[in-house]
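**Q** Next up, final_34.cif (mmCIF, C-alpha atoms).
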data_target
#
loop_
_atom_site.label_atom_id
_atom_site.label_comp_id
_atom_site.auth_asym_id
_atom_site.auth_seq_id
_atom_site.Cartn_x
_atom_site.Cartn_y
_atom_site.Cartn_z
CA MET N 117 -2.50 20.79 5.08
CA LYS N 118 -3.85 17.26 5.08
CA ARG N 119 -1.04 16.10 2.76
CA LEU N 120 1.58 17.71 5.02
CA THR N 121 0.12 15.99 8.07
CA THR N 122 0.18 12.64 6.27
CA LEU N 123 3.82 13.08 5.25
CA LEU N 124 4.80 14.02 8.79
CA PHE N 125 2.99 10.97 10.13
CA MET N 126 4.77 8.67 7.65
CA ALA N 127 8.15 10.17 8.52
CA ALA N 128 7.48 9.73 12.23
CA SER N 129 6.41 6.13 11.66
CA VAL N 130 9.62 5.36 9.80
CA LEU N 131 11.73 6.91 12.54
CA THR N 132 9.85 4.90 15.17
CA VAL N 133 10.44 1.62 13.35
CA THR N 134 14.12 2.51 12.88
CA ALA N 135 14.63 3.35 16.55
CA GLN N 136 13.17 0.06 17.66
CA THR N 137 14.79 -2.22 15.12
CA THR N 138 17.05 -4.99 16.42
CA ALA N 139 18.78 -7.82 14.64
CA ASP N 140 16.16 -10.20 16.03
CA ASP N 141 13.43 -8.01 14.58
CA VAL N 142 15.06 -8.24 11.17
CA LEU N 143 15.40 -12.01 11.43
CA GLY N 144 11.75 -12.35 12.39
CA THR N 145 10.68 -10.32 9.37
CA VAL N 146 12.90 -12.15 6.93
CA ARG N 147 11.67 -15.52 8.19
CA LYS N 148 8.09 -14.39 7.69
CA VAL N 149 8.78 -13.27 4.13
CA ASN N 150 10.62 -16.46 3.28
CA ASN N 151 8.05 -18.73 4.93
CA TYR N 152 5.36 -17.08 2.84
CA PHE N 153 7.28 -17.86 -0.33
CA MET N 154 8.17 -21.45 0.57
CA ALA N 155 4.57 -22.20 1.53
CA LYS N 156 3.15 -20.71 -1.67
CA TYR N 157 5.73 -22.44 -3.89
CA ALA N 158 6.10 -25.62 -1.90
CA ASP N 159 7.28 -27.73 -4.83
CA PRO N 160 10.38 -26.00 -6.26
CA THR N 161 10.46 -28.28 -9.31
CA ILE N 162 7.18 -27.04 -10.80
CA PRO N 163 7.76 -24.83 -13.87
CA THR N 164 6.60 -21.24 -13.88
CA ASN N 165 3.70 -20.32 -16.15
CA VAL N 166 3.64 -16.60 -16.79
CA LYS N 167 2.47 -16.18 -20.38
CA ARG N 168 4.43 -19.33 -21.20
CA VAL N 169 5.89 -22.29 -19.34
CA ARG N 170 9.50 -21.94 -18.17
CA PRO N 171 11.56 -24.35 -16.03
CA SER N 172 12.07 -23.28 -12.44
CA SER N 173 15.80 -22.90 -13.08
CA LEU N 174 15.14 -19.57 -14.82
CA TRP N 175 16.85 -16.42 -13.53
CA THR N 176 13.92 -15.22 -11.45
CA ARG N 177 13.99 -18.34 -9.28
CA ALA N 178 17.79 -18.42 -9.24
CA VAL N 179 17.87 -14.98 -7.60
CA TYR N 180 15.51 -16.25 -4.91
CA TYR N 181 17.97 -19.02 -4.07
CA GLU N 182 20.80 -16.51 -3.78
CA GLY N 183 18.73 -14.86 -1.06
CA LEU N 184 17.88 -18.18 0.57
CA MET N 185 21.55 -19.16 0.75
CA ALA N 186 22.25 -15.81 2.39
CA LEU N 187 19.49 -16.48 4.91
CA TYR N 188 20.99 -19.89 5.68
CA GLU N 189 24.20 -18.15 6.76
CA ILE N 190 22.39 -16.58 9.72
CA ASP N 191 19.53 -19.07 10.20
CA GLN N 192 20.70 -22.62 9.63
CA ASP N 193 17.35 -24.24 9.07
CA GLN N 194 17.66 -27.60 7.29
CA ARG N 195 14.46 -26.82 5.40
CA TYR N 196 16.37 -24.26 3.36
CA ILE N 197 18.97 -26.79 2.27
CA ASP N 198 16.38 -29.46 1.49
CA TYR N 199 14.36 -26.97 -0.57
CA THR N 200 17.48 -25.87 -2.45
CA ASP N 201 18.85 -29.33 -3.13
CA ARG N 202 15.50 -30.63 -4.34
CA TRP N 203 15.40 -27.77 -6.85
CA ALA N 204 19.01 -28.08 -7.96
CA SER N 205 18.98 -31.88 -8.18
CA PHE N 206 15.82 -31.79 -10.27
CA HIS N 207 17.65 -29.57 -12.75
CA GLN N 208 20.71 -31.85 -12.56
CA TRP N 209 22.91 -29.00 -11.35
CA THR N 210 22.93 -27.74 -14.93
CA PRO N 211 22.39 -24.24 -16.34
CA ARG N 212 18.99 -23.63 -17.85
CA ASN N 213 19.09 -24.62 -21.54
CA GLY N 214 22.21 -26.72 -21.07
CA ILE N 215 25.96 -26.29 -21.13
CA THR N 216 26.11 -24.50 -24.49
CA THR N 217 24.04 -21.50 -23.40
CA CYS N 218 25.81 -18.14 -23.25
CA ASP N 219 22.81 -16.30 -21.86
CA ALA N 220 23.49 -14.92 -18.38
CA ASP N 221 19.85 -15.48 -17.43
CA ASP N 222 20.37 -19.20 -18.00
CA GLN N 223 23.59 -19.25 -15.99
CA CYS N 224 22.33 -17.52 -12.85
CA CYS N 225 21.22 -20.76 -11.19
CA GLY N 226 24.85 -21.86 -11.20
CA GLN N 227 25.65 -19.43 -8.40
CA THR N 228 23.60 -21.47 -5.96
CA TYR N 229 24.99 -24.73 -7.33
CA LEU N 230 28.50 -23.52 -6.53
CA ILE N 231 27.48 -22.25 -3.11
CA ARG N 232 26.21 -25.73 -2.34
CA TYR N 233 29.46 -27.18 -3.71
CA GLN N 234 31.41 -24.93 -1.36
CA GLN N 235 29.19 -25.98 1.54
CA ALA N 236 28.96 -29.71 0.95
CA GLY N 237 31.23 -30.78 -1.89
CA GLY N 238 30.11 -33.11 -4.66
CA GLU N 239 31.58 -32.71 -8.12
CA GLU N 240 28.16 -33.02 -9.73
CA LYS N 241 27.34 -29.60 -8.32
CA MET N 242 30.00 -27.83 -10.37
CA THR N 243 30.80 -30.02 -13.40
CA LYS N 244 28.11 -28.71 -15.76
CA VAL N 245 28.62 -25.13 -14.66
CA ARG N 246 32.32 -25.41 -15.40
CA GLU N 247 31.68 -26.93 -18.81
CA ASN N 248 29.29 -24.08 -19.55
CA LEU N 249 31.78 -21.36 -18.63
CA ASP N 250 34.54 -23.10 -20.59
CA HIS N 251 32.24 -23.08 -23.62
CA GLN N 252 31.40 -19.40 -23.27
CA MET N 253 35.03 -18.41 -22.84
CA LYS N 254 35.82 -19.57 -26.38
CA THR N 255 32.57 -18.42 -28.03
CA PRO N 256 32.25 -14.87 -29.42
CA ASN N 257 28.86 -13.18 -29.52
CA ASP N 258 28.07 -12.82 -33.20
CA LYS N 259 24.45 -11.77 -32.77
CA LYS N 260 23.60 -8.51 -34.50
CA ASN N 261 22.30 -6.90 -31.34
CA ALA N 262 25.59 -7.57 -29.57
CA THR N 263 27.25 -4.65 -31.35
CA ALA N 264 24.32 -2.28 -31.80
CA LYS N 265 25.32 1.22 -30.75
CA THR N 266 28.73 -0.02 -29.58
CA LYS N 267 32.14 1.31 -30.57
CA GLY N 268 33.17 -1.91 -32.25
CA THR N 269 31.64 -3.61 -35.27
CA GLN N 270 33.07 -7.11 -34.90
CA PRO N 271 31.70 -9.94 -32.77
CA SER N 272 33.34 -9.83 -29.36
CA LEU N 273 34.53 -12.78 -27.34
CA TYR N 274 33.61 -10.71 -24.29
CA GLY N 275 30.44 -9.07 -25.62
CA TRP N 276 27.75 -11.20 -24.04
CA TRP N 277 26.53 -8.91 -21.25
CA THR N 278 24.66 -6.37 -23.35
CA TRP N 279 22.26 -5.52 -20.50
CA ILE N 280 23.36 -4.70 -16.97
CA ASP N 281 21.14 -7.31 -15.31
CA ALA N 282 23.50 -9.88 -16.82
CA ILE N 283 26.35 -8.63 -14.65
CA GLN N 284 24.52 -9.92 -11.58
CA MET N 285 23.27 -13.07 -13.23
CA ALA N 286 26.65 -14.32 -14.41
CA MET N 287 29.68 -12.35 -13.27
CA PRO N 288 29.70 -13.71 -9.69
CA LEU N 289 29.66 -17.18 -11.20
CA TYR N 290 33.00 -16.56 -12.88
CA MET N 291 34.50 -15.37 -9.60
CA GLN N 292 33.08 -18.34 -7.71
CA MET N 293 34.60 -20.72 -10.23
CA TYR N 294 37.93 -18.96 -9.87
CA LYS N 295 37.73 -19.37 -6.10
CA VAL N 296 36.80 -23.05 -6.09
CA THR N 297 39.29 -24.08 -8.81
CA GLY N 298 42.08 -21.58 -8.31
CA GLU N 299 42.21 -21.07 -12.09
CA GLU N 300 42.75 -17.42 -12.92
CA LYS N 301 41.27 -17.75 -16.39
CA TYR N 302 37.76 -17.57 -14.92
CA ARG N 303 38.46 -14.39 -12.98
CA ASP N 304 40.22 -12.79 -15.94
CA HIS N 305 37.50 -13.64 -18.43
CA GLY N 306 34.76 -12.41 -16.10
CA MET N 307 36.59 -9.14 -15.62
CA ALA N 308 37.07 -8.72 -19.38
CA MET N 309 33.34 -9.23 -19.93
CA TYR N 310 32.58 -6.71 -17.19
CA ARG N 311 34.88 -4.12 -18.77
CA TRP N 312 33.22 -4.65 -22.15
CA SER N 313 29.80 -3.84 -20.67
CA ARG N 314 31.17 -0.96 -18.62
CA ASN N 315 33.31 0.71 -21.25
CA GLU N 316 32.25 -0.45 -24.73
CA CYS N 317 28.63 -1.54 -24.94
CA GLY N 318 26.61 1.44 -26.10
CA GLY N 319 29.74 3.53 -25.74
CA GLY N 320 29.95 2.45 -22.10
CA LEU N 321 27.00 1.67 -19.82
CA PHE N 322 28.56 3.10 -16.64
CA ASN N 323 28.37 6.85 -16.20
CA VAL N 324 31.31 7.47 -13.89
CA LYS N 325 30.21 11.06 -13.32
CA ASP N 326 26.88 10.04 -11.78
CA GLY N 327 28.04 6.67 -10.47
CA LEU N 328 25.03 5.06 -12.16
CA TRP N 329 24.42 2.65 -15.04
CA TRP N 330 22.24 2.83 -18.12
CA ARG N 331 20.33 -0.42 -18.49
CA ASP N 332 21.54 -1.17 -22.04
CA ALA N 333 22.51 0.60 -25.26
CA ASP N 334 18.91 1.73 -25.83
CA TYR N 335 18.99 4.00 -22.75
CA VAL N 336 22.26 5.88 -23.15
CA PRO N 337 21.93 9.59 -24.03
CA PRO N 338 20.20 11.15 -25.90
CA TYR N 339 17.47 8.91 -24.38
CA GLN N 340 15.68 10.83 -21.63
CA GLU N 341 12.76 10.48 -19.27
CA PRO N 342 9.80 12.83 -19.87
CA ASP N 343 11.24 15.31 -17.35
CA GLY N 344 14.50 15.50 -19.30
CA LYS N 345 16.52 13.41 -16.84
CA ASP N 346 18.63 10.37 -17.68
CA CYS N 347 16.93 7.01 -17.27
CA TYR N 348 18.76 5.04 -14.59
CA TRP N 349 16.62 2.04 -13.76
CA SER N 350 16.60 1.28 -10.05
CA ARG N 351 16.64 -2.52 -10.08
CA GLY N 352 19.13 -2.60 -12.94
CA ASN N 353 21.54 -0.54 -10.87
CA GLY N 354 20.71 -2.78 -7.92
CA TRP N 355 21.76 -5.80 -9.96
CA VAL N 356 25.18 -4.29 -10.63
CA TYR N 357 25.63 -3.07 -7.06
CA ALA N 358 24.85 -6.53 -5.71
CA ALA N 359 27.10 -8.17 -8.29
CA LEU N 360 30.06 -6.07 -7.20
CA VAL N 361 29.56 -7.24 -3.62
CA ARG N 362 29.12 -10.87 -4.61
CA CYS N 363 32.23 -10.78 -6.78
CA MET N 364 34.40 -9.06 -4.18
CA ASN N 365 33.34 -11.68 -1.67
CA GLU N 366 35.06 -14.27 -3.87
CA LEU N 367 38.28 -12.34 -4.54
CA PRO N 368 41.41 -11.63 -2.48
CA LYS N 369 41.19 -8.06 -1.19
CA LYS N 370 44.66 -7.18 -2.44
CA SER N 371 44.02 -8.41 -5.97
CA LYS N 372 43.84 -6.04 -8.92
CA ALA N 373 40.34 -7.26 -9.77
CA TYR N 374 39.07 -6.59 -6.25
CA LYS N 375 40.45 -3.06 -6.26
CA GLU N 376 38.92 -2.37 -9.66
CA LEU N 377 35.47 -3.50 -8.54
CA LYS N 378 35.80 -1.70 -5.23
CA LYS N 379 36.43 1.57 -7.06
CA ASP N 380 33.18 1.20 -9.01
CA PHE N 381 31.35 0.13 -5.85
CA LEU N 382 32.38 3.35 -4.13
CA LEU N 383 31.35 5.47 -7.12
CA MET N 384 27.97 3.77 -7.16
CA SER N 385 27.54 4.22 -3.42
CA VAL N 386 27.97 7.97 -3.73
CA GLY N 387 25.56 8.15 -6.66
CA LEU N 388 22.93 6.04 -4.97
CA LEU N 389 23.05 7.91 -1.67
CA LYS N 390 22.30 11.14 -3.52
CA CYS N 391 19.05 9.88 -4.96
CA GLN N 392 17.48 8.06 -2.01
CA ARG N 393 13.97 9.33 -1.29
CA GLU N 394 13.16 10.97 2.02
CA ASP N 395 10.93 8.05 2.93
CA GLY N 396 13.85 5.59 2.55
CA PHE N 397 12.91 4.06 -0.80
CA TRP N 398 14.45 4.68 -4.20
CA ASN N 399 12.28 5.52 -7.21
CA PRO N 400 12.03 3.03 -10.10
CA SER N 401 13.79 5.74 -12.14
CA LEU N 402 16.55 6.89 -9.84
CA VAL N 403 17.03 10.56 -10.69
CA SER N 404 13.73 11.23 -12.45
CA THR N 405 10.28 12.25 -11.27
CA ASN N 406 8.78 9.85 -13.81
CA TYR N 407 7.14 6.99 -11.88
CA ALA N 408 8.05 8.57 -8.53
CA MET N 409 6.95 5.95 -6.00
CA PRO N 410 8.30 3.31 -3.59
CA GLU N 411 9.96 0.29 -5.22
CA THR N 412 11.08 -2.66 -3.14
CA SER N 413 13.50 -4.70 -5.27
CA GLY N 414 15.93 -1.88 -6.01
CA THR N 415 15.70 -0.58 -2.45
CA ALA N 416 16.52 -4.03 -1.04
CA LEU N 417 19.56 -4.40 -3.29
CA PHE N 418 20.87 -0.96 -2.35
CA LEU N 419 20.44 -1.87 1.31
CA TYR N 420 22.40 -5.05 0.62
CA GLY N 421 25.35 -3.17 -0.84
CA MET N 422 25.41 -0.30 1.62
CA ALA N 423 25.16 -2.54 4.69
CA TRP N 424 28.00 -4.65 3.31
CA GLY N 425 30.11 -1.59 2.54
CA ILE N 426 29.76 -0.23 6.07
CA GLN N 427 30.86 -3.56 7.53
CA GLN N 428 33.93 -3.61 5.30
CA GLY N 429 34.87 -0.11 6.41
CA TYR N 430 34.47 1.24 2.87
CA LEU N 431 31.45 3.43 3.57
CA LYS N 432 31.25 5.89 6.47
CA ALA N 433 28.62 4.73 8.92
CA LYS N 434 27.63 8.30 9.77
CA ASP N 435 26.58 8.81 6.15
CA TYR N 436 25.32 5.39 5.08
CA LYS N 437 23.88 3.82 8.24
CA PRO N 438 20.97 6.29 8.30
CA ALA N 439 20.28 5.40 4.67
CA CYS N 440 20.21 1.70 5.57
CA ASP N 441 17.96 2.35 8.57
CA LYS N 442 15.53 4.36 6.47
CA ALA N 443 15.48 1.77 3.69
CA TRP N 444 14.74 -1.07 6.07
CA ALA N 445 12.12 0.86 8.02
CA ALA N 446 10.41 1.92 4.81
CA MET N 447 10.17 -1.62 3.48
CA VAL N 448 8.88 -3.00 6.78
CA LYS N 449 6.32 -0.23 7.08
CA THR N 450 5.23 0.02 3.45
CA SER N 451 6.05 -3.25 1.65
CA VAL N 452 5.85 -6.21 4.04
CA HIS N 453 2.35 -7.61 4.56
CA ARG N 454 1.36 -9.48 7.69
CA ASP N 455 1.55 -12.80 5.88
CA GLY N 456 4.98 -12.05 4.36
CA PHE N 457 3.87 -10.93 0.91
CA LEU N 458 5.92 -8.03 -0.48
CA GLY N 459 4.15 -5.07 -2.01
CA TRP N 460 5.48 -2.23 -4.17
CA MET N 461 7.51 -4.79 -6.12
CA GLN N 462 8.17 -4.00 -9.76
CA GLY N 463 7.53 -6.86 -12.15
CA THR N 464 9.96 -8.14 -14.74
CA GLY N 465 11.06 -5.77 -17.47
CA LYS N 466 13.91 -3.50 -18.37
CA ASP N 467 13.04 0.03 -17.32
CA PRO N 468 10.98 2.07 -14.84
CA SER N 469 7.80 1.63 -16.88
CA ALA N 470 7.71 -2.15 -16.45
CA GLY N 471 4.82 -3.54 -14.43
CA GLN N 472 3.27 -0.16 -13.76
CA PRO N 473 1.33 0.91 -11.86
CA LEU N 474 2.88 -0.51 -8.70
CA SER N 475 0.98 -0.68 -5.43
CA TYR N 476 0.94 -2.20 -1.97
CA ASP N 477 -1.40 -5.01 -3.02
CA LYS N 478 -0.34 -5.72 -6.60
CA VAL N 479 1.20 -9.17 -7.17
CA PRO N 480 4.10 -8.90 -9.65
CA ASP N 481 4.30 -11.35 -12.54
CA PHE N 482 7.03 -13.23 -10.66
CA GLU N 483 7.39 -13.16 -6.88
CA ASP N 484 10.64 -15.07 -6.60
CA TYR N 485 13.39 -12.63 -7.60
CA GLY N 486 11.89 -9.83 -5.49
CA THR N 487 11.86 -12.12 -2.48
CA GLY N 488 15.50 -12.99 -3.20
CA CYS N 489 16.45 -9.32 -3.34
CA PHE N 490 14.68 -8.70 -0.05
CA LEU N 491 16.44 -11.62 1.64
CA LEU N 492 19.84 -10.39 0.47
CA GLY N 493 19.23 -6.90 1.81
CA ALA N 494 17.68 -8.06 5.06
CA VAL N 495 20.45 -10.53 5.86
CA GLU N 496 23.20 -7.99 5.29
CA TYR N 497 21.34 -5.46 7.42
CA TYR N 498 21.00 -8.11 10.14
CA LYS N 499 24.77 -8.64 10.04
CA LEU N 500 25.35 -4.90 10.28
CA LEU N 501 23.16 -4.60 13.36
CA LYS N 502 24.90 -7.57 14.94
CA LYS N 503 28.29 -6.05 14.24
CA GLU N 504 27.22 -2.76 15.80
CA LYS N 505 26.32 -4.63 18.99
CA GLY N 506 29.64 -6.46 18.94
CA VAL N 507 27.97 -9.84 18.55
#
Now, as a test, write the supplied structure out as structure tokens.
**A**
Amino acid sequence: MKRLTTLLFMAASVLTVTAQTTADDVLGTVRKVNNYFMAKYADPTIPTNVKRVRPSSLWTRAVYYEGLMALYEIDQDQRYIDYTDRWASFHQWTPRNGITTCDADDQCCGQTYLIRYQQAGGEEKMTKVRENLDHQMKTPNDKKNATAKTKGTQPSLYGWWTWIDAIQMAMPLYMQMYKVTGEEKYRDHGMAMYRWSRNECGGGLFNVKDGLWWRDADYVPPYQEPDGKDCYWSRGNGWVYAALVRCMNELPKKSKAYKELKKDFLLMSVGLLKCQREDGFWNPSLVSTNYAMPETSGTALFLYGMAWGIQQGYLKAKDYKPACDKAWAAMVKTSVHRDGFLGWMQGTGKDPSAGQPLSYDKVPDFEDYGTGCFLLGAVEYYKLLKKEKGV
């Protein structure tokens, strides 16, 4: 009886937050979360030191700046630009590990470099990124693990994205470069790499039937969670969902590439809606009872995609707006601390077991990417609420 009363109280709390939420409320929350991060990591040039020292241009920080650039769209605070440019200039507007890297994690920072190029110009912001992509486009992946459990046995020119996180880290970069240069080779190569991950890696990482992705070749069937369900990692699927949005934002709507990505976006939307928890979150393992708990990063990315899809007219508001409302209310109620810290955030890893156990107070190994995910979701939800009001 006590458990039932608690669940009813939580549900009522979520509904109350949802009913009262305005765009200004969302902006206030997202500012608080971002201010917390910028105060704690005031010098963006300082390397990270989690088990070993890494430059601050690593993927975790790069995702944060994607979120910050989204926030700047609705809240044009010069602090955000100064903080971004100090970081990017320190790294000489260059991918982590230089122009010969083919690792998507190294390339992720380039997305923010190109956003700043689009905002302010300056060839230095795109030169090294372009050289890097040109290098990758002529370099096959001959590493042994590139073809493990895949249909092919030969090194693939397109076989670099062997894990689905990479689709978010690097694919939007190819579409951005296509948009800023007008050269179709970037779009076409990015799409070919996407298709390789989708259809060939591990026999195909996208399960069209469920509308969900296996994280990499190690998680395709017969791999199962302890309850016998497939292992669809929440944040991994969030990475792909967000990447589809970010890529479509760079492409003409009538283009073949746009339509191809839109089709997968719609399949994912259906699959994700089916497995949202009653409290508004998504589990770390989407369709499994293993590690059943709130998780903020995946939830924020799903909010990002669904709020965007409603605004584009691709997702029916009567079905998906309640899911967005519940997701936002759940994060505000359960994840956001008074000082802006985000709880229930899964640490780095590759599956639902990473960083466990999660909790309201636990600090993940890296705070930056989770903050970036939250900013992306919050900003798109803000835009949706504004659009509903006709503002």
**Q** Using all atoms listed in the file, which residue out of N:Ile197, N:Val403, N:Leu417, N:Leu458 lies closest to Arg362 in chain N?
**A**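 For Arg362 in chain N, the nearest of the given residues is N:Leu417.
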**Q** Between N:Gln234, N:Ala333, N:Val245, N:Ala139, which has the minimum distance to Lys503 in chain N (counting all atoms listed in the file)?
**A** N:Ala139
**Q** From the set N:Gln428, N:Ser413, N:Ser371, N:Thr405, which residue has the shortest atom-to-atom contact distance to Ala494 in chain N, counting all atoms listed in the file?
**A** N:Ser413
**Q** On this file, the PyMOL selection byres ((chain N and resi 502) around 12) gives some set of residues; write that set as a compact mmCIF listing (two decimals) with C-alpha atoms, in the frame of the given file.
**A**
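selection.txt written:
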# COMPACT_ATOMS: atom_id res chain seq x y z
CA THR N 137 14.79 -2.22 15.12
CA THR N 138 17.05 -4.99 16.42
CA ALA N 139 18.78 -7.82 14.64
CA ASP N 140 16.16 -10.20 16.03
CA ASP N 141 13.43 -8.01 14.58
CA VAL N 142 15.06 -8.24 11.17
CA LEU N 143 15.40 -12.01 11.43
CA ILE N 190 22.39 -16.58 9.72
CA ALA N 423 25.16 -2.54 4.69
CA GLN N 427 30.86 -3.56 7.53
CA VAL N 495 20.45 -10.53 5.86
CA GLU N 496 23.20 -7.99 5.29
CA TYR N 497 21.34 -5.46 7.42
CA TYR N 498 21.00 -8.11 10.14
CA LYS N 499 24.77 -8.64 10.04
CA LEU N 500 25.35 -4.90 10.28
CA LEU N 501 23.16 -4.60 13.36
CA LYS N 503 28.29 -6.05 14.24
CA GLU N 504 27.22 -2.76 15.80
CA LYS N 505 26.32 -4.63 18.99
CA GLY N 506 29.64 -6.46 18.94
CA VAL N 507 27.97 -9.84 18.55
**Q** Given the PyMOL selection byres ((chain N and resi 315) around 12) and the file above, list the residues it selects as an MDAnalysis selection string.
**A** chainID N and resid 266:268 274:275 277:278 307:314 316:324 329:330 332:333
**Q** The selected residues should be written to file as a short mmCIF file (atom, residue, chain, number, x, y, z; two decimals), keeping the file's coordinate frame (atoms: C-alpha atoms).
**A**
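Result written to result.cif:
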data_model
loop_
_atom_site.label_atom_id
_atom_site.label_comp_id
_atom_site.auth_asym_id
_atom_site.auth_seq_id
_atom_site.Cartn_x
_atom_site.Cartn_y
_atom_site.Cartn_z
CA THR N 266 28.73 -0.02 -29.58
CA LYS N 267 32.14 1.31 -30.57
CA GLY N 268 33.17 -1.91 -32.25
CA TYR N 274 33.61 -10.71 -24.29
CA GLY N 275 30.44 -9.07 -25.62
CA TRP N 277 26.53 -8.91 -21.25
CA THR N 278 24.66 -6.37 -23.35
CA MET N 307 36.59 -9.14 -15.62
CA ALA N 308 37.07 -8.72 -19.38
CA MET N 309 33.34 -9.23 -19.93
CA TYR N 310 32.58 -6.71 -17.19
CA ARG N 311 34.88 -4.12 -18.77
CA TRP N 312 33.22 -4.65 -22.15
CA SER N 313 29.80 -3.84 -20.67
CA ARG N 314 31.17 -0.96 -18.62
CA GLU N 316 32.25 -0.45 -24.73
CA CYS N 317 28.63 -1.54 -24.94
CA GLY N 318 26.61 1.44 -26.10
CA GLY N 319 29.74 3.53 -25.74
CA GLY N 320 29.95 2.45 -22.10
CA LEU N 321 27.00 1.67 -19.82
CA PHE N 322 28.56 3.10 -16.64
CA ASN N 323 28.37 6.85 -16.20
CA VAL N 324 31.31 7.47 -13.89
CA TRP N 329 24.42 2.65 -15.04
CA TRP N 330 22.24 2.83 -18.12
CA ASP N 332 21.54 -1.17 -22.04
CA ALA N 333 22.51 0.60 -25.26
#
**Q** Decode the PyMOL selection byres ((chain N and resi 442) around 7) for the given file into explicit residues and return them as a PyMOL selection string.
**A** chain N and resi 130+134+395-396+438-441+443-446
**Q** Pull the neighbourhood of (25.1, -12.5, -13.2) for me: all residues within 10 Å in file coordinates, counting all atoms listed in the file, as a list in words.
**A** Trp175, Val179, Asp219, Ala220, Asp221, Asp222, Gln223, Cys224, Cys225, Gly226, Gln227, Trp277, Ile280, Asp281, Ala282, Ile283, Gln284, Met285, Ala286, Met287, Pro288, Leu289, Tyr290, Trp355, Val356, Ala358, Ala359, Arg362 and Cys363 of chain N
**Q** Give me the residues within 12 Å of Gly298 in chain N as a list of chain:residue names, counting only C-alpha atoms and dropping any in the same chain fewer than 6 places off.
**A** N:Tyr290, N:Met291, N:Gln292, N:Asp304, N:Glu366, N:Leu367, N:Pro368
**Q** With all atoms of range 350-358 of chain N from the file as input, state the centre and edge lengths in Å to one decimal of the axis-aligned box that has 5 Å extra on each side, as JSON.
**A**
{"center_x": 21.1, "center_y": -2.6, "center_z": -9.3, "size_x": 19.0, "size_y": 17.8, "size_z": 17.2}
**Q** Asn406 in chain N: which residues within 7 Å, counting only C-alpha atoms, same-chain residues fewer than 3 positions away excluded, as a VMD selection string?
**A** chain N and resid 341 to 343 401
**Q** Around (9.4, -11.8, -2.6) in the file's own coordinates, what residues are found within 7 Å if you use all atoms listed in the file, given back as a PyMOL selection string?
**A** chain N and resi 149+153+457-458+483-488+490
**Q** Which one is closest to Asp481 in chain N: N:Lys167, N:Lys244, N:Arg147, N:Lys432? Count only C-alpha atoms.
**A**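 Checking each of N:Lys167, N:Lys244, N:Arg147, N:Lys432 against Asp481 in chain N, counting only C-alpha atoms, the winner is N:Lys167.
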**Q** For CA of Gly493 in chain N and CA of Leu419 in chain N, determine how far apart the two atoms are, in Å to one decimal place.
**A**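 A separation of 5.2 Å between them.
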**Q** Which of these, N:Arg202, N:Lys254, N:Arg195, N:His305, has the shortest distance to Asn151 in chain N once you count all atoms listed in the file?
**A** N:Arg195
